[in-house]
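For reference, input11.cif is printed below; it contains mmCIF, C-alpha atoms and all ligand atoms.
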data_input
#
loop_
_atom_site.label_atom_id
_atom_site.label_comp_id
_atom_site.auth_asym_id
_atom_site.auth_seq_id
_atom_site.Cartn_x
_atom_site.Cartn_y
_atom_site.Cartn_z
CA MET A 1 62.49 32.79 35.13
CA SER A 2 63.28 29.32 34.04
CA THR A 3 61.32 27.41 31.41
CA GLU A 4 61.23 23.66 31.14
CA PRO A 5 61.47 22.16 27.67
CA GLU A 6 58.15 20.82 26.30
CA ALA A 7 57.89 17.03 25.97
CA PRO A 8 58.23 16.03 22.32
CA ALA A 9 55.12 14.69 20.57
CA PRO A 10 55.07 10.84 20.45
CA THR A 11 56.11 9.29 17.18
CA PRO A 12 55.27 5.77 15.84
CA ALA A 13 58.78 4.76 16.77
CA ASP A 14 57.96 5.37 20.44
CA GLY A 15 55.66 2.28 20.49
CA PRO A 16 52.10 1.97 21.90
CA PRO A 17 51.00 4.40 24.59
CA ALA A 18 50.78 3.18 28.14
CA GLY A 19 47.29 2.01 29.29
CA PRO A 20 44.81 -0.48 27.87
CA SER A 21 45.36 -1.51 24.28
CA ARG A 22 42.50 -1.67 21.75
CA ARG A 23 42.58 -5.45 22.01
CA THR A 24 42.34 -5.53 25.80
CA PHE A 25 39.64 -2.84 25.69
CA ILE A 26 37.47 -4.93 23.34
CA ALA A 27 38.06 -8.09 25.39
CA THR A 28 37.10 -6.30 28.58
CA THR A 29 33.97 -4.66 27.24
CA SER A 30 32.85 -7.92 25.60
CA ALA A 31 33.17 -9.75 28.88
CA VAL A 32 31.39 -7.02 30.83
CA GLY A 33 28.70 -6.65 28.18
CA GLY A 34 28.15 -10.41 28.16
CA ALA A 35 27.81 -10.40 31.89
CA VAL A 36 25.29 -7.58 31.71
CA ILE A 37 23.27 -9.38 29.03
CA ALA A 38 23.42 -12.68 30.89
CA GLY A 39 22.51 -10.93 34.12
CA GLY A 40 19.59 -9.27 32.40
CA ALA A 41 18.33 -12.56 31.02
CA ILE A 42 18.80 -14.57 34.17
CA GLY A 43 18.26 -12.04 36.86
CA GLY A 44 15.88 -9.65 35.17
CA GLY A 45 14.43 -10.73 31.83
CA LEU A 46 13.07 -14.15 32.69
CA LEU A 47 11.85 -13.09 36.08
CA ALA A 48 10.17 -10.07 34.52
CA ALA A 49 8.53 -12.29 31.88
CA SER A 50 7.32 -14.69 34.53
CA ASP A 51 6.01 -11.81 36.64
CA GLU A 52 4.16 -10.51 33.60
CA ALA A 53 2.68 -13.94 32.91
CA ASP A 54 1.52 -14.17 36.52
CA ALA A 55 0.04 -10.72 36.33
CA ALA A 56 -1.67 -11.13 32.90
CA PRO A 57 -5.45 -11.09 33.32
CA ALA A 58 -7.38 -14.03 31.92
CA ALA A 59 -8.74 -13.36 28.43
CA PRO A 60 -12.50 -12.74 28.48
CA ALA A 61 -14.41 -15.87 27.53
CA SER A 62 -18.04 -16.61 26.73
CA ARG A 63 -20.31 -19.58 26.35
CA VAL A 64 -21.96 -20.08 23.01
CA SER A 65 -24.42 -22.70 21.82
CA LEU A 66 -24.70 -23.42 18.13
CA THR A 67 -25.65 -26.24 15.83
CA VAL A 68 -22.99 -27.61 13.52
CA ASN A 69 -24.01 -30.11 10.84
CA GLY A 70 -27.14 -30.93 12.83
CA THR A 71 -25.42 -31.44 16.18
CA ARG A 72 -25.87 -28.96 19.01
CA HIS A 73 -22.66 -27.83 20.75
CA THR A 74 -22.15 -25.61 23.79
CA VAL A 75 -18.60 -24.40 24.26
CA THR A 76 -16.77 -21.76 26.26
CA VAL A 77 -14.27 -19.88 24.16
CA ASP A 78 -12.02 -16.85 24.29
CA ASN A 79 -14.11 -13.99 22.92
CA ARG A 80 -11.57 -13.50 20.12
CA THR A 81 -12.00 -17.04 18.77
CA SER A 82 -13.05 -17.22 15.14
CA LEU A 83 -15.61 -19.71 13.94
CA LEU A 84 -12.82 -21.35 11.96
CA ASP A 85 -10.76 -21.95 15.10
CA LEU A 86 -13.84 -23.09 16.98
CA LEU A 87 -14.51 -25.69 14.29
CA ARG A 88 -10.93 -26.83 13.90
CA GLU A 89 -9.56 -26.56 17.45
CA HIS A 90 -12.61 -27.18 19.64
CA LEU A 91 -14.91 -29.40 17.57
CA ASP A 92 -12.22 -31.27 15.61
CA LEU A 93 -13.89 -30.42 12.30
CA THR A 94 -10.85 -29.72 10.13
CA GLY A 95 -12.55 -29.74 6.73
CA ALA A 96 -12.73 -25.94 6.52
CA LYS A 97 -9.17 -24.85 5.82
CA LYS A 98 -7.14 -21.91 7.06
CA GLY A 99 -5.57 -20.36 3.99
CA CYS A 100 -5.10 -16.65 4.63
CA ASP A 101 -7.02 -16.24 7.92
CA ALA A 102 -7.93 -12.81 6.61
CA GLY A 103 -10.98 -13.19 4.40
CA ALA A 104 -9.10 -13.24 1.11
CA CYS A 105 -9.04 -16.85 -0.12
CA GLY A 106 -12.33 -18.57 0.74
CA ALA A 107 -10.67 -21.79 1.94
CA CYS A 108 -12.65 -21.51 5.18
CA THR A 109 -16.09 -21.07 3.56
CA VAL A 110 -19.01 -22.47 5.56
CA LEU A 111 -22.73 -21.84 5.57
CA ILE A 112 -24.18 -19.89 8.49
CA ASP A 113 -27.96 -20.09 8.54
CA GLY A 114 -27.75 -21.02 4.86
CA HIS A 115 -25.48 -18.16 3.80
CA ARG A 116 -21.89 -18.47 2.60
CA GLN A 117 -19.45 -16.93 5.08
CA ASN A 118 -15.72 -16.86 5.68
CA ALA A 119 -15.35 -18.68 9.01
CA CYS A 120 -12.01 -16.95 9.65
CA LEU A 121 -13.73 -13.56 9.79
CA THR A 122 -16.65 -14.64 11.96
CA LEU A 123 -16.43 -14.39 15.74
CA ALA A 124 -17.69 -17.60 17.30
CA VAL A 125 -19.34 -15.83 20.24
CA ARG A 126 -21.68 -14.01 17.88
CA LEU A 127 -23.21 -17.28 16.69
CA GLU A 128 -25.52 -18.05 19.59
CA GLY A 129 -28.31 -20.22 18.16
CA ALA A 130 -26.84 -20.26 14.64
CA LYS A 131 -26.90 -23.24 12.31
CA VAL A 132 -23.54 -23.89 10.68
CA THR A 133 -22.89 -26.30 7.83
CA THR A 134 -19.35 -27.34 6.96
CA ILE A 135 -17.99 -29.61 4.27
CA GLU A 136 -18.36 -32.52 6.72
CA GLY A 137 -22.11 -31.90 6.75
CA LEU A 138 -22.80 -32.17 3.01
CA ALA A 139 -22.52 -35.90 2.45
CA ASP A 140 -25.32 -38.22 3.52
CA GLY A 141 -23.38 -40.90 5.31
CA ASP A 142 -21.28 -42.65 2.67
CA GLN A 143 -23.29 -40.99 -0.10
CA LEU A 144 -21.42 -37.98 -1.41
CA HIS A 145 -23.32 -34.80 -2.13
CA PRO A 146 -23.84 -34.42 -5.93
CA LEU A 147 -21.42 -31.48 -5.95
CA GLN A 148 -18.73 -33.52 -4.20
CA GLN A 149 -19.26 -36.24 -6.82
CA ALA A 150 -19.11 -33.64 -9.58
CA PHE A 151 -15.72 -32.41 -8.32
CA ILE A 152 -14.46 -35.98 -8.64
CA ASP A 153 -16.08 -36.52 -12.04
CA GLU A 154 -14.65 -33.27 -13.41
CA ASP A 155 -11.26 -33.74 -11.76
CA ALA A 156 -11.75 -30.26 -10.28
CA PHE A 157 -8.83 -30.19 -7.86
CA GLN A 158 -5.11 -30.80 -7.64
CA CYS A 159 -3.70 -30.27 -4.13
CA GLY A 160 -7.22 -30.14 -2.70
CA TYR A 161 -6.50 -27.41 -0.16
CA CYS A 162 -9.11 -25.02 -1.49
CA THR A 163 -11.58 -27.80 -2.33
CA PRO A 164 -13.72 -27.88 0.85
CA GLY A 165 -14.26 -24.14 0.58
CA GLN A 166 -14.94 -24.40 -3.15
CA ILE A 167 -17.53 -27.13 -2.64
CA VAL A 168 -19.34 -25.35 0.21
CA SER A 169 -19.27 -22.14 -1.80
CA GLY A 170 -20.49 -23.98 -4.91
CA TYR A 171 -23.30 -25.49 -2.84
CA GLY A 172 -24.31 -21.98 -1.73
CA CYS A 173 -24.00 -20.71 -5.30
CA ILE A 174 -26.42 -23.40 -6.51
CA GLN A 175 -28.86 -22.74 -3.66
CA GLU A 176 -28.80 -19.03 -4.50
CA GLY A 177 -29.55 -19.75 -8.16
CA HIS A 178 -26.40 -18.12 -9.52
CA THR A 179 -25.64 -20.84 -12.03
CA GLY A 180 -27.23 -19.47 -15.22
CA SER A 181 -23.95 -19.49 -17.15
CA PRO A 182 -20.25 -20.25 -16.63
CA GLU A 183 -19.65 -16.49 -16.38
CA GLU A 184 -22.27 -16.16 -13.65
CA ILE A 185 -20.77 -19.08 -11.72
CA ARG A 186 -17.32 -17.51 -12.03
CA GLU A 187 -18.63 -14.22 -10.74
CA TRP A 188 -20.40 -15.72 -7.74
CA MET A 189 -17.52 -18.05 -6.93
CA SER A 190 -14.92 -15.32 -7.24
CA GLY A 191 -14.28 -15.21 -3.50
CA ASN A 192 -12.78 -18.68 -3.63
CA LEU A 193 -9.21 -18.79 -4.89
CA CYS A 194 -7.47 -21.87 -6.23
CA ARG A 195 -3.71 -21.64 -6.33
CA CYS A 196 -3.58 -24.72 -8.54
CA GLY A 197 -5.67 -22.95 -11.16
CA CYS A 198 -8.50 -25.47 -11.45
CA TYR A 199 -11.09 -22.83 -12.18
CA VAL A 200 -12.33 -24.23 -15.51
CA LYS A 201 -13.04 -27.61 -13.97
CA ILE A 202 -14.50 -26.13 -10.78
CA VAL A 203 -17.00 -24.17 -12.87
CA ARG A 204 -17.86 -27.33 -14.82
CA ALA A 205 -18.41 -29.24 -11.57
CA VAL A 206 -20.79 -26.57 -10.26
CA GLU A 207 -22.63 -26.57 -13.60
CA GLN A 208 -22.92 -30.34 -13.52
CA ALA A 209 -24.31 -30.42 -9.98
CA ALA A 210 -26.72 -27.56 -10.75
CA ASP A 211 -27.98 -29.46 -13.83
CA ARG A 212 -28.53 -32.60 -11.80
CA GLN A 213 -30.49 -30.66 -9.24
CA LYS A 214 -32.92 -29.22 -11.85
FE1 LIG B 301 -10.71 -17.51 5.55
FE2 LIG B 301 -8.80 -17.34 3.69
S1 LIG B 301 -8.87 -18.58 5.48
S2 LIG B 301 -10.76 -16.42 3.68
FE1 LIG B 302 -4.90 -26.64 -4.98
FE2 LIG B 302 -7.20 -25.38 -5.36
S1 LIG B 302 -6.73 -27.46 -5.81
S2 LIG B 302 -5.47 -24.68 -4.29
#

Since I need it in another form, could you write the structure as structure tokens?
Amino acid sequence: MSTEPEAPAPTPADGPPAGPSRRTFIATTSAVGGAVIAGGAIGGGLLAASDEADAAPAAPASRVSLTVNGTRHTVTVDNRTSLLDLLREHLDLTGAKKGCDAGACGACTVLIDGHRQNACLTLAVRLEGAKVTTIEGLADGDQLHPLQQAFIDEDAFQCGYCTPGQIVSGYGCIQEGHTGSPEEIREWMSGNLCRCGCYVKIVRAVEQAADRQK
């Protein structure tokens, strides 16, 4: 019974093993992988996206009629449209600002049937027959509303981004009779944030306008 000698284990001195090297392996897989990705994007991904777009059902839309600053409007909007987007995107009334779009800052404050509301949290399609007042509706032609004038007199803004919401909210605050003291004004204006920190002057402006209205 003959036995053949076992092949000796390779040593570093024997050089690299036959077959693909690490470098050629990486180059090959990169090229193949790239081709797969490119093929997916060109042949599959984009076509799939376009198929999906074709297949996507139209978003439900509704017609709504409402009065904004004394003018009646009838518009057809996606049911998910907020009052803020209706004002800004459909009616070109950009005075109400989009700060947080989540009910936290008050930059979008408007009056709906006389009550202060965050327009970003209000669905437009729920406002059939409503009367909306925005910052654009407070002045009487070239004559500023007393509260707008008071904001100027008291220098109650810096960047001005929160100002339309502050003024509409201050108007509501005065109408509601919550202006008995600076503390009361602060409390009832607390939903309106000012990142520039003009609170002291904003409260003074509301006080001034409330005094003039007495
Ligand atoms: Fe509506 Fe901030 S944008 S509360
Ligand atoms: Fe700048 Fe109020 S004035 S956020």

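When the distance limit is 9 Å and only C-alpha atoms are what count, the residues near Gly177 in chain A, minus those fewer than 4 positions from it on the same chain, are Gly172, Cys173 and Ala210 of chain A.
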
Next, write the just-selected residues to a file, as a PDB file, in the coordinates of the input, keeping C-alpha atoms as the atom set.
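And here's part_26.pdb as it stands now:
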ATOM      1  CA  GLY A 172     -24.310 -21.980  -1.730  1.00  0.00           C
ATOM      2  CA  CYS A 173     -24.000 -20.710  -5.300  1.00  0.00           C
ATOM      3  CA  ALA A 210     -26.720 -27.560 -10.750  1.00  0.00           C
TER       4      ALA A 210
END

From CA of Ala96 in chain A to CA of Leu121 in chain A the spacing works out at 12.8 Å

Between CA of Val125 in chain A and CA of Ser82 in chain A - distance in Å to one decimal:
8.2 Å

Contacts of Glu187 in chain A within 10 Å, only C-alpha atoms, excl. fewer than 6 positions in-chain, as a ChimeraX atom specification:
/A:178-179,181

Store the residues of this selection in a file with C-alpha atoms, as a PDB file, in the frame of the given file.
ATOM      1  CA  HIS A 178     -26.400 -18.120  -9.520  1.00  0.00           C
ATOM      2  CA  THR A 179     -25.640 -20.840 -12.030  1.00  0.00           C
ATOM      3  CA  SER A 181     -23.950 -19.490 -17.150  1.00  0.00           C
TER       4      SER A 181
END

As a quick test: using all atoms listed in the file, which residues lie no more than 10 Å away from ligand LIG 302 (chain B)? Give them as JSON, numbers by chain.
{"A": [99, 105, 107, 155, 156, 157, 158, 159, 160, 161, 162, 163, 164, 165, 166, 192, 193, 194, 195, 196, 197, 198, 199, 202]}

Ligand LIG 301 (chain B): which residues are within 6 Å, counting only C-alpha atoms and all ligand atoms? Reply as an mmCIF file with C-alpha atoms, keeping the file's coordinate frame.
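Okay, result.cif is ready:
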data_model
loop_
_atom_site.group_PDB
_atom_site.id
_atom_site.type_symbol
_atom_site.label_atom_id
_atom_site.label_comp_id
_atom_site.auth_asym_id
_atom_site.auth_seq_id
_atom_site.Cartn_x
_atom_site.Cartn_y
_atom_site.Cartn_z
ATOM 1 C CA LYS A 98 -7.140 -21.910 7.060
ATOM 2 C CA GLY A 99 -5.570 -20.360 3.990
ATOM 3 C CA CYS A 100 -5.100 -16.650 4.630
ATOM 4 C CA ASP A 101 -7.020 -16.240 7.920
ATOM 5 C CA ALA A 102 -7.930 -12.810 6.610
ATOM 6 C CA GLY A 103 -10.980 -13.190 4.400
ATOM 7 C CA ALA A 104 -9.100 -13.240 1.110
ATOM 8 C CA CYS A 105 -9.040 -16.850 -0.120
ATOM 9 C CA GLY A 106 -12.330 -18.570 0.740
ATOM 10 C CA ALA A 107 -10.670 -21.790 1.940
ATOM 11 C CA CYS A 108 -12.650 -21.510 5.180
ATOM 12 C CA ASN A 118 -15.720 -16.860 5.680
ATOM 13 C CA ALA A 119 -15.350 -18.680 9.010
ATOM 14 C CA CYS A 120 -12.010 -16.950 9.650
#

Given all atoms listed in the file as the counted atoms, nearest of A:Leu111, A:Val68, A:Val200, A:Ala59 to Asp92 in chain A
A:Val68

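The spacing separating CA of Gly95 in chain A from CA of Phe151 in chain A amounts to 15.6 Å.
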
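Comparing the minimum interatomic distances between Thr122 in chain A and each of A:Leu144, A:Leu83, A:Leu91, A:Ala139, counting only C-alpha atoms, we find that A:Leu83 sits nearest.
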
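Compared by their closest atoms to Gln148 in chain A, and using all atoms listed in the file, the residues A:Met189, A:Leu93, A:Leu123, A:Ala205 rank with A:Ala205 nearest.
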
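For the residues A:Arg88, A:Lys97, A:Arg116, A:Arg72, ranking by smallest atom-to-atom distance to Trp188 in chain A using all atoms listed in the file places A:Arg116 first.
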
If you count only C-alpha atoms, which residues fall within 12 Å of Pro60 in chain A, apart from same-chain ones fewer than 2 positions away, as number ranges by chain?
A: 56-58, 62-63, 76-81, 125
